[in-house]
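Data block below; observations after.
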Amino acid sequence: MSVKIPETVINCSNFINGRWVKGDAGTLDVISPYNGKKIGEVSLPSQAQIKSAIEAADAAQRAWGATPMKERAQVLFNFRNILMREIDEISHLKASESGKNFAEGRAGLMKGIEVLEYALSLQNIDTGGKLEVSRGVNCEYRRQALGVVANITPFNFPAMVPMWTIPINIALGNAYVWKPSEKTPLTSMKIANALKEAGLPDGLMTVLQGGSDTVNGIIDHPAVKAIGFVGSTKVAKIVYGRATALGKRALCMGGAKNHIVLLPDATPEMAGPGISDSFTGCAGQRCMAASVLLAVGDTEKSISKIIERASSLKLGTDMGALITKAQRDFLVESISRAEALGAKIILDGRKVPAPKGMENGNWLGPTILDHVQPGTEAATVELFGPILSIVRCKDMTEALKIQNSSDYGNACSVFTNSGAMAERVIREAKAGMIGVNVGVPVPREPFSFGGIAASKFGSGDITGEHSLDFWSDIRKITTKWEKQNDNNWMS
Ligand code: NAD
């Protein structure tokens with residue numbers, strides 16, 4: 001289905017204490033990657049507006065944190081139903097501002113809804129623990145809300161990445177402050193409105209627009225207790241440094257350069273689509289995209305299947321656009337630089353025509369570079385576009401050595417029919433998320449999402465069961481109601 005791009009400019013502002021408030025610190029244009037047209041205008045909050053928004057969140061959280069989780073979950077039930085009712089409209093909007101195709105827009109929201117369903121299950125599974133530790137003495141865990149928490153999100157998943165953390169925080173009893181990407185702020189209106197309609201009390205969802213000034217104002221406010229961040233490694237380090245210097249907890253997910261190890265015994269009918277879809281999905285603009293193919297020995301049958309699949313994709317429908325013109329220019333230049341360093345272009349996305357009527361969009365077709373040298377830009381730098389760099393390797397040891405030399409550690413997959421070879425990648429690859437015959441090894445709920453090395457700063461994961469301790473405190477309670485006769489060293 002083609003994406004329905006808004007025909008009139010959408011005005012977007014800041015959601016403060018349950019109302020949309022025009023920001024006092026100027027505006028930014030929102031440009032659609034599809035056609036280069038202005039589709040929105042977002043107003044930015046002043047520091048005074050940020051302060052008052054967080055104060056309202058802090059005040060609202062006190063009652064919310066004291067509400068039983070089963071009651072909080074009722075809002076999430078309603079939220080889910082509203083999102084499902086609005087799913088097509090939201091998917092068109094997020095695709096229009098981020099460059100995704102319609103199916104990707106929808107899939108991202110569905111993944112967010114899966115996190116919401118996990119958050120709903122917390123009322124039944126996250127029951128703490130209690131044990132009589134000595135006669136008449138009980139120890140107990142109780143999970144406790146933190147207060148106000150903030151999350152800063154990237155352009156490439158305008159709904160899914162915020163939905164990684166919104167439902168879990170609402171279930172846990174926190175007030176949530178969201179700073180969307182300034183490139184894709186429009187989707188935040190749909191999400192915040194859905195929460196309001198679902199019955200979330202005012203102040204518990206705050207949306208503050210803008211860039212680094214807004215982020216700094218949020219981090220520095222004393223009421224903000226935890227900062228989640230998803231974006232590039234460069235900014236993840238800045239945000240992590242600022243938050244932790246203030247003694248706050250921070251969990252900052254960074255960029256990636258993901259490898260796929262392709263072995264000669266892989267099934268070409270699995271490897272072809274699996275690897276092609278991994279590097280072309282979302283036009284390569286996702287932190288789980290395949291970027292380097294470590295081709296071990298004779299893998300020609302699988303590589304020809306990758307080329308067959310990737311070259312069949314139509315721009316505008318099968319594959320979306322790049323976020324900005326500057327990003328397209330960077331990718332085109334990086335293809336030329338790789339070529340100058342000896343890479344062979346076996347699929348050239350620069351030659352793929354823009355969809356009719358969308359010539360001003362930011363288009364680049366799937367591109368495959370063969371014989372890329374390890375250590376060069378195409379093999380090591382996060383390009384964030386539909387480019388696959390093939391590095392030829394003589395054996396698994398060489399492939400793993402190259403993979404391990406990456407600064408990043410988000411995902412690594414292997415395509416093989418050998419359990420022993422797959423196990424070697426599972427054990428030895430430097431990555432938080434591993435795939436076996438899976439091109440995009442995103443864990444599904446309740447399994448958590450998170451990389452290692454320069455792909456994550458902080459401990460825990462951003463979703464699922466390993467995120468809960470980051471977004472809450474665990475209170476440990478020891479209770480005795482009766483006088484004891486025995487002489488116990490603890491009580
Ligand atoms: P980005 O780092 O440019 O921006 C992310 C957020 O940080 C935005 O909200 C932006 O407004 C804000 N920001 C930018 N500069 C800032 C500064 N100096 N101080 C404080 N905040 C600042 O990332 P992007 O271009 O929007 O997204 C693409 C990147 O995100 C890629 O590197 C991709 O790999 C990464 N990403 C990572 C994951 C993950 O889970 N590891 C998931 C999605 C995207």
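Numbering starts fresh at 1 for the residues of each chain in the structure tokens, the chains themselves are lettered A, B, ... in the order given, and ligands are numbered from 1 as they appear.
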
DSSP strand (DSSP E or B) residues within range 365-490 of chain A, as a count of residues only: 31

Protein and nucleic residues near ligand 1, 9 Å, only C-alpha atoms and all ligand atoms, as a PyMOL selection string: chain A and resi 151-157+161+179-184+209-216+229-236+238-239+252-257+285-289+323+382-384+410+449-451+455-456+462

Ser121 in chain A environment, 12 Å, only C-alpha atoms, sequence neighbours closer than 2 positions dropped, as a list in words: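 Contacts, with the query itself left out: Met69, Lys70, Arg72, Ala73, Gln74, Leu76, Phe77, Glu114, Val115, Leu116, Glu117, Tyr118, Ala119, Gln123, Asn124, Ile125, Asp126, Thr127, Pro167, Ile168, Ala171, Leu172, Glu445, Pro446, Gly464 and Glu465 of chain A.
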
Same residues, C-alpha atoms, saved as an mmCIF file, in the first residue's frame:
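The file below, part38.cif, is the result:
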```cif
data_model
loop_
_atom_site.group_PDB
_atom_site.id
_atom_site.type_symbol
_atom_site.label_atom_id
_atom_site.label_comp_id
_atom_site.auth_asym_id
_atom_site.auth_seq_id
_atom_site.Cartn_x
_atom_site.Cartn_y
_atom_site.Cartn_z
ATOM 1 C CA MET A 69 -0.884 -1.977 39.317
ATOM 2 C CA LYS A 70 -4.132 -3.746 38.432
ATOM 3 C CA ARG A 72 -2.985 1.167 36.205
ATOM 4 C CA ALA A 73 -3.253 -1.764 33.789
ATOM 5 C CA GLN A 74 -6.844 -0.804 32.935
ATOM 6 C CA LEU A 76 -3.163 0.137 29.160
ATOM 7 C CA PHE A 77 -6.048 -2.119 28.070
ATOM 8 C CA GLU A 114 3.576 -6.389 21.875
ATOM 9 C CA VAL A 115 5.585 -4.506 24.514
ATOM 10 C CA LEU A 116 2.306 -3.041 25.765
ATOM 11 C CA GLU A 117 0.923 -6.578 26.119
ATOM 12 C CA TYR A 118 4.017 -7.549 28.092
ATOM 13 C CA ALA A 119 3.472 -4.523 30.352
ATOM 14 C CA GLN A 123 0.186 -7.338 37.044
ATOM 15 C CA ASN A 124 0.154 -11.152 37.011
ATOM 16 C CA ILE A 125 3.823 -12.088 36.785
ATOM 17 C CA ASP A 126 5.733 -9.383 38.643
ATOM 18 C CA THR A 127 4.438 -10.272 42.067
ATOM 19 C CA PRO A 167 3.698 0.997 28.608
ATOM 20 C CA ILE A 168 6.207 -0.511 31.038
ATOM 21 C CA ALA A 171 2.416 -0.060 34.471
ATOM 22 C CA LEU A 172 5.228 0.507 36.982
ATOM 23 C CA GLU A 445 8.632 -10.160 24.359
ATOM 24 C CA PRO A 446 9.270 -11.126 27.114
ATOM 25 C CA GLY A 464 11.318 -6.769 28.561
ATOM 26 C CA GLU A 465 12.210 -8.433 31.806
#
```

For Pro201 in chain A, the nearest of the candidates A:Ile477, A:Ile170, A:Val148, A:Ile306, counting only C-alpha atoms: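 Nearest to Pro201 in chain A: A:Ile170.
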
Contact residues around range 366-370 of chain A with only C-alpha atoms at 9 Å, ignoring same-chain residues under 6 positions, as a ChimeraX atom specification: /A:276,279-280,283-284,307,310-311,313,319,335,338-339,343-350,352,378,385-392

Counting only C-alpha atoms, the residue of A:Val442, A:Met270, A:Met1, A:Leu44 that sits nearest Ala25 in chain A: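 Closest to Ala25 in chain A, using only C-alpha atoms: A:Leu44.
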
Neighbour list for Ile54 in chain A as a list in words, cut-off 10 Å, only C-alpha atoms, skip fewer than 2 positions in-chain: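 Once the nearby chain positions are removed, what remains is Ile16, Asn17, Gln49, Ile50, Lys51, Ser52, Ala56, Ala57, Asp58, Ala59, Ala60, Val148, Val149, Ala150, Ala175, Tyr176, Val177, Gly203, Leu204, Thr206, Leu208, Gly217, Ile218, His221, Pro222, Ala223 and Val224 of chain A.
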
For CA of Gly365 in chain A and CA of Arg444 in chain A, the interatomic separation in Å (one decimal):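 Atom-to-atom, CA of Gly365 in chain A to CA of Arg444 in chain A, that is 29.1 Å.
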
Residue neighbourhood Val261 in chain A, 9 Å, only C-alpha atoms, exclusion window fewer than 2 positions, as a list in words: His259, Leu263, Val292, Leu293, Leu294, Ala295, Val296, Met396, Ala399, Leu400, Gln403, Cys412, Ser413, Val414, Phe415, Thr416 and Val425 of chain A

Secondary structure check, alpha helix (DSSP H) residues of range 89-324 of chain A, as a PyMOL selection string: chain A and resi 89-98+102-125+160-172+187-198+212-220+233-245+268-280+300-311

Long-range neighbours of Trp471 in chain A as a PyMOL selection string, 8 Å cut-off, only C-alpha atoms, 2 positions minimum in chain: chain A and resi 145-146+149+169+172+226+467-469+473

Write the selection just made, keeping C-alpha atoms, as a compact mmCIF listing (two decimals), in the first residue's frame?
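Writing the result to selection36.txt gives the following:
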```txt
# COMPACT_ATOMS: atom_id res chain seq x y z
CA ALA A 145 7.96 3.38 41.03
CA LEU A 146 10.88 5.78 40.58
CA VAL A 149 11.46 9.19 34.10
CA ASN A 169 6.63 2.82 32.84
CA LEU A 172 5.23 0.51 36.98
CA ALA A 226 16.10 8.01 35.21
CA SER A 467 14.39 -3.45 31.81
CA LEU A 468 12.23 -3.62 34.92
CA ASP A 469 14.97 -3.02 37.48
CA ASP A 473 13.41 0.37 42.66
```

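Picture a line from CA of Arg19 in chain A to CA of Leu186 in chain A; it runs 15.5 Å.
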
Gap from CA of Ser32 in chain A to CA of Ser96 in chain A - Å, one decimal: 5.7 Å

For Ala453 in chain A, the nearest of the candidates A:Gly18, A:Lys237, A:Gly316, A:Glu398, counting only C-alpha atoms: A:Lys237
